[in-house]
>>> print(open('coords_34.pdb').read())   # PDB, C-alpha atoms, pLDDT in the B column
ATOM      1  CA  MET R   1      -5.737 -26.764  25.679  1.00 46.00           C
ATOM      2  CA  GLU R   2      -2.780 -24.408  25.455  1.00 58.00           C
ATOM      3  CA  SER R   3      -3.137 -20.631  25.789  1.00 59.00           C
ATOM      4  CA  ARG R   4      -1.972 -18.595  22.805  1.00 73.00           C
ATOM      5  CA  GLY R   5      -2.152 -15.249  24.615  1.00 80.00           C
ATOM      6  CA  PRO R   6       1.570 -14.447  24.886  1.00 87.00           C
ATOM      7  CA  ILE R   7       2.263 -15.444  21.264  1.00 89.00           C
ATOM      8  CA  ALA R   8      -0.577 -13.245  20.013  1.00 90.00           C
ATOM      9  CA  VAL R   9       0.704 -10.299  22.042  1.00 92.00           C
ATOM     10  CA  LEU R  10       4.219 -10.826  20.706  1.00 93.00           C
ATOM     11  CA  ARG R  11       2.928 -10.936  17.123  1.00 94.00           C
ATOM     12  CA  LEU R  12       0.991  -7.702  17.638  1.00 94.00           C
ATOM     13  CA  LEU R  13       4.064  -6.057  19.166  1.00 95.00           C
ATOM     14  CA  LEU R  14       6.242  -7.094  16.221  1.00 96.00           C
ATOM     15  CA  LEU R  15       3.609  -5.930  13.731  1.00 96.00           C
ATOM     16  CA  GLY R  16       3.398  -2.584  15.517  1.00 96.00           C
ATOM     17  CA  CYS R  17       7.184  -2.192  15.432  1.00 96.00           C
ATOM     18  CA  LEU R  18       7.202  -2.999  11.715  1.00 96.00           C
ATOM     19  CA  LEU R  19       4.512  -0.421  10.978  1.00 95.00           C
ATOM     20  CA  VAL R  20       6.226   2.270  13.075  1.00 95.00           C
ATOM     21  CA  GLY R  21       9.530   1.565  11.327  1.00 93.00           C
ATOM     22  CA  LEU R  22       7.930   1.712   7.897  1.00 91.00           C
ATOM     23  CA  ALA R  23       6.101   4.958   8.707  1.00 91.00           C
ATOM     24  CA  SER R  24       9.216   6.650  10.081  1.00 93.00           C
ATOM     25  CA  GLY R  25      11.261   5.438   7.108  1.00 90.00           C
ATOM     26  CA  LEU R  26       8.778   7.003   4.701  1.00 86.00           C
ATOM     27  CA  ARG R  27       8.601  10.187   6.771  1.00 88.00           C
ATOM     28  CA  TYR R  28      12.346  10.769   6.984  1.00 89.00           C
ATOM     29  CA  GLY R  29      13.058   9.745   3.393  1.00 87.00           C
ATOM     30  CA  TRP R  30      14.917   6.524   4.173  1.00 87.00           C
ATOM     31  CA  ILE R  31      12.391   4.692   2.001  1.00 84.00           C
ATOM     32  CA  GLU R  32      11.241   6.158  -1.312  1.00 83.00           C
ATOM     33  CA  LEU R  33       7.939   5.086  -2.781  1.00 77.00           C
ATOM     34  CA  HIS R  34       7.247   5.883  -6.415  1.00 79.00           C
ATOM     35  CA  PRO R  35       3.464   5.441  -6.752  1.00 76.00           C
ATOM     36  CA  SER R  36       3.388   5.001 -10.525  1.00 75.00           C
ATOM     37  CA  ARG R  37       6.049   2.259 -10.495  1.00 82.00           C
ATOM     38  CA  PHE R  38       4.415   0.598  -7.491  1.00 80.00           C
ATOM     39  CA  LEU R  39       0.990   0.558  -9.149  1.00 79.00           C
ATOM     40  CA  LYS R  40       2.497  -0.759 -12.386  1.00 82.00           C
ATOM     41  CA  ASP R  41       4.257  -3.583 -10.502  1.00 86.00           C
ATOM     42  CA  VAL R  42       1.039  -4.486  -8.683  1.00 84.00           C
ATOM     43  CA  GLY R  43      -0.842  -4.631 -11.987  1.00 82.00           C
ATOM     44  CA  VAL R  44      -3.071  -1.577 -11.649  1.00 75.00           C
ATOM     45  CA  PRO R  45      -3.430   0.381 -14.895  1.00 72.00           C
ATOM     46  CA  VAL R  46      -1.536   3.662 -14.565  1.00 70.00           C
ATOM     47  CA  PRO R  47      -3.026   6.651 -16.401  1.00 68.00           C
ATOM     48  CA  GLU R  48      -0.927   8.833 -18.636  1.00 70.00           C
ATOM     49  CA  GLU R  49       0.767  11.905 -17.209  1.00 68.00           C
ATOM     50  CA  GLY R  50      -1.712  14.634 -16.291  1.00 61.00           C
ATOM     51  CA  LYS R  51      -4.720  12.319 -16.149  1.00 67.00           C
ATOM     52  CA  GLY R  52      -6.169  10.994 -12.926  1.00 67.00           C
ATOM     53  CA  ILE R  53      -7.838   7.752 -11.887  1.00 65.00           C
ATOM     54  CA  ASP R  54     -11.503   7.674 -10.915  1.00 70.00           C
ATOM     55  CA  PHE R  55     -11.218   5.070  -8.148  1.00 69.00           C
ATOM     56  CA  ASN R  56     -14.986   4.703  -7.781  1.00 75.00           C
ATOM     57  CA  ARG R  57     -15.349   3.713 -11.432  1.00 73.00           C
ATOM     58  CA  TRP R  58     -12.232   1.533 -11.207  1.00 70.00           C
ATOM     59  CA  LEU R  59     -13.675  -0.403  -8.261  1.00 74.00           C
ATOM     60  CA  ILE R  60     -17.018  -0.920 -10.001  1.00 79.00           C
ATOM     61  CA  GLU R  61     -15.728  -1.760 -13.500  1.00 77.00           C
ATOM     62  CA  GLY R  62     -12.388  -3.267 -12.486  1.00 68.00           C
ATOM     63  CA  GLY R  63      -9.417  -3.811 -14.761  1.00 58.00           C
ATOM     64  CA  SER R  64      -9.008  -1.038 -17.343  1.00 57.00           C
ATOM     65  CA  GLY R  65     -11.947   1.035 -16.155  1.00 51.00           C
ATOM     66  CA  GLY R  66     -11.485   4.125 -14.048  1.00 49.00           C
ATOM     67  CA  GLN R  67      -9.155   6.151 -16.216  1.00 53.00           C
ATOM     68  CA  ALA R  68     -10.493   9.669 -16.392  1.00 51.00           C
ATOM     69  CA  ASP R  69     -11.069  11.072 -19.869  1.00 50.00           C
TER      70      ASP R  69
END
>>> encode(input="coords_34.pdb", output="structure tokens")
Amino acid sequence: MESRGPIAVLRLLLLGCLLVGLASGLRYGWIELHPSRFLKDVGVPVPEEGKGIDFNRWLIEGGSGGQAD
């Protein structure tokens, strides 16, 4: 049986480097994230401007639920 130790360590190292790079890119403005566009692309209903999302209700009801009135 072959040991997978070094491969697992290498994968964790690469994942760590990816996360550090992503975090520093967001911090220094190299990467811009527009939450409303991102949520719309993912398929989460985006509330109208000025209204918030009740994430507890959204998790329980799912789909279109969770938009604050």
>>> closest_residue(input="coords_34.pdb", among="R:Pro45, R:Gly16, R:Gly25, R:Pro6", to="Trp58 (chain R)", atoms="only C-alpha atoms")
R:Pro45
>>> atom_distance(input="coords_34.pdb", atom1="CA of Phe38 (chain R)", atom2="CA of Leu22 (chain R)")
15.8 Å
>>> residues_around(input="coords_34.pdb", residues="Pro35 (chain R)", least_positions_apart="5", cutoff="10 Å", atoms="only C-alpha atoms", output="PyMOL selection string")
chain R and resi 40-41+46
>>> atom_distance(input="coords_34.pdb", atom1="CA of Val42 (chain R)", atom2="CA of Gly21 (chain R)")
22.6 Å
>>> atom_distance(input="coords_34.pdb", atom1="CA of Glu32 (chain R)", atom2="CA of Leu10 (chain R)")
28.7 Å
